[in-house]
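J.: Following this line is entry_3.pdb, made up of PDB, C-alpha atoms:
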```
ATOM      1  CA  MET T   1       2.470 -36.704   6.184
ATOM      2  CA  LYS T   2       0.814 -34.757   8.990
ATOM      3  CA  ASN T   3      -2.614 -33.120   8.562
ATOM      4  CA  GLY T   4      -2.346 -33.327   4.792
ATOM      5  CA  LEU T   5       0.887 -31.309   4.606
ATOM      6  CA  ILE T   6       3.953 -32.538   2.767
ATOM      7  CA  TYR T   7       7.247 -30.993   3.831
ATOM      8  CA  CYS T   8       9.739 -30.488   1.022
ATOM      9  CA  GLY T   9      13.307 -29.907   2.094
ATOM     10  CA  SER T  10      15.007 -29.290   5.384
ATOM     11  CA  LYS T  11      13.791 -26.972   8.117
ATOM     12  CA  LYS T  12      16.440 -24.400   7.145
ATOM     13  CA  GLU T  13      15.137 -24.318   3.569
ATOM     14  CA  ILE T  14      11.534 -23.934   4.729
ATOM     15  CA  ILE T  15      12.460 -21.090   7.105
ATOM     16  CA  LYS T  16      14.547 -19.371   4.425
ATOM     17  CA  ARG T  17      11.750 -19.691   1.832
ATOM     18  CA  ASN T  18       9.107 -18.370   4.245
ATOM     19  CA  LEU T  19      11.332 -15.474   5.361
ATOM     20  CA  LEU T  20      11.951 -14.455   1.752
ATOM     21  CA  ALA T  21       8.221 -14.725   0.974
ATOM     22  CA  GLY T  22       7.361 -12.557   3.994
ATOM     23  CA  ILE T  23       9.888  -9.879   3.069
ATOM     24  CA  SER T  24       8.620  -9.876  -0.525
ATOM     25  CA  ARG T  25       5.015  -9.474   0.612
ATOM     26  CA  GLY T  26       5.957  -6.608   2.930
ATOM     27  CA  VAL T  27       7.872  -4.745   0.233
ATOM     28  CA  GLY T  28       5.067  -5.332  -2.262
ATOM     29  CA  ILE T  29       2.419  -4.024   0.112
ATOM     30  CA  GLY T  30       4.539  -0.951   0.878
ATOM     31  CA  ILE T  31       5.061  -0.138  -2.797
ATOM     32  CA  GLY T  32       1.411  -0.781  -3.607
ATOM     33  CA  ILE T  33       0.074   1.455  -0.856
ATOM     34  CA  THR T  34       2.497   4.219  -1.881
ATOM     35  CA  ILE T  35       1.341   4.085  -5.510
ATOM     36  CA  ILE T  36      -2.366   3.977  -4.618
ATOM     37  CA  THR T  37      -2.002   6.878  -2.160
ATOM     38  CA  ALA T  38      -0.131   8.975  -4.731
ATOM     39  CA  MET T  39      -2.819   8.295  -7.342
ATOM     40  CA  LEU T  40      -5.550   9.197  -4.848
ATOM     41  CA  VAL T  41      -3.849  12.492  -3.955
ATOM     42  CA  MET T  42      -3.452  13.333  -7.645
ATOM     43  CA  LEU T  43      -7.131  12.562  -8.255
ATOM     44  CA  LEU T  44      -8.164  14.746  -5.325
ATOM     45  CA  GLN T  45      -6.013  17.603  -6.636
ATOM     46  CA  LYS T  46      -7.754  17.334 -10.024
ATOM     47  CA  ILE T  47     -11.164  17.452  -8.317
ATOM     48  CA  VAL T  48     -10.126  20.583  -6.414
ATOM     49  CA  THR T  49      -9.309  22.341  -9.690
ATOM     50  CA  LEU T  50     -12.913  21.791 -10.844
ATOM     51  CA  ASN T  51     -14.027  24.277  -8.149
ATOM     52  CA  ILE T  52     -17.003  22.296  -6.913
ATOM     53  CA  PRO T  53     -18.198  24.477  -3.995
ATOM     54  CA  ILE T  54     -18.546  22.179  -0.963
ATOM     55  CA  ILE T  55     -16.573  19.154  -2.133
ATOM     56  CA  GLY T  56     -13.678  21.257  -3.436
ATOM     57  CA  GLU T  57     -13.058  22.947  -0.080
ATOM     58  CA  TYR T  58     -13.223  19.649   1.791
ATOM     59  CA  ILE T  59     -10.799  17.943  -0.604
ATOM     60  CA  ALA T  60      -8.488  20.977  -0.591
ATOM     61  CA  ASP T  61      -8.202  20.604   3.190
ATOM     62  CA  ILE T  62      -7.368  16.906   2.844
ATOM     63  CA  VAL T  63      -4.720  17.568   0.177
ATOM     64  CA  GLU T  64      -3.208  20.331   2.315
ATOM     65  CA  ILE T  65      -2.963  18.008   5.328
ATOM     66  CA  VAL T  66      -1.313  15.284   3.230
ATOM     67  CA  GLU T  67       1.220  17.681   1.710
ATOM     68  CA  LYS T  68       2.111  19.137   5.124
ATOM     69  CA  SER T  69       2.873  15.619   6.401
ATOM     70  CA  ARG T  70       5.480  14.992   3.657
TER      71      ARG T  70
END
```
Any chance you could put this one into structure tokens?
T.:
Amino acid sequence: MKNGLIYCGSKKEIIKRNLLAGISRGVGIGIGITIITAMLVMLLQKIVTLNIPIIGEYIADIVEIVEKSR
């Protein structure tokens, strides 16, 4: 026992487990950001349809920039 840590298994198992956990976190973050961004763009498009004078133009520009980058 070193610094309160208990190692379970061989070094290969620890590396394999940590690699799998890292890949899973990366994929999860990617999917999550994609979903949140899509929901935000949809919300902004709904706000634009309300025709609020100043805010609507500003959001329309943002939505246009995002759709051009696709």
J.: Write out as an MDAnalysis selection string each polymer residue whose atoms come within 8 Å of stretch 63-69 of chain T, counting only C-alpha atoms; drop sequence neighbours fewer than 6 positions from it.
T.: chainID T and resid 41 44:45
J.: Residues at most 12 Å from T:Leu40, counting all atoms listed in the file, excluding those fewer than 5 positions away in the same chain, as a ChimeraX atom specification?
T.: /T:33-35,45-47,59,62-63,66
J.: Distance atom CA of T:Asn18-atom CA of T:Gly30, one decimal place?
T.: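 Going from atom CA of T:Asn18 over to atom CA of T:Gly30 covers 18.3 Å.
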J.: Report, as lines of an AutoDock Vina configuration file, the centre and edge lengths in Å (one decimal) of the axis-aligned box enclosing every listed atom of stretch 22-37 of chain T, padded by 6 Å on each side.
T.:
```
center_x = 3.8
center_y = -2.8
center_z = -0.8
size_x = 24.3
size_y = 31.4
size_z = 21.5
```
J.: Rounded to one decimal in Å, what is the spacing between atom CA of T:Leu43 and atom CA of T:Gly56?
T.: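 Taking atom CA of T:Leu43 and atom CA of T:Gly56, their separation equals 11.9 Å.
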J.: What's the separation between atom CA of T:Arg70 and atom CA of T:Leu50, in Å to one decimal place?
T.: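 Straight-line distance from atom CA of T:Arg70 to atom CA of T:Leu50 works out to 24.4 Å.
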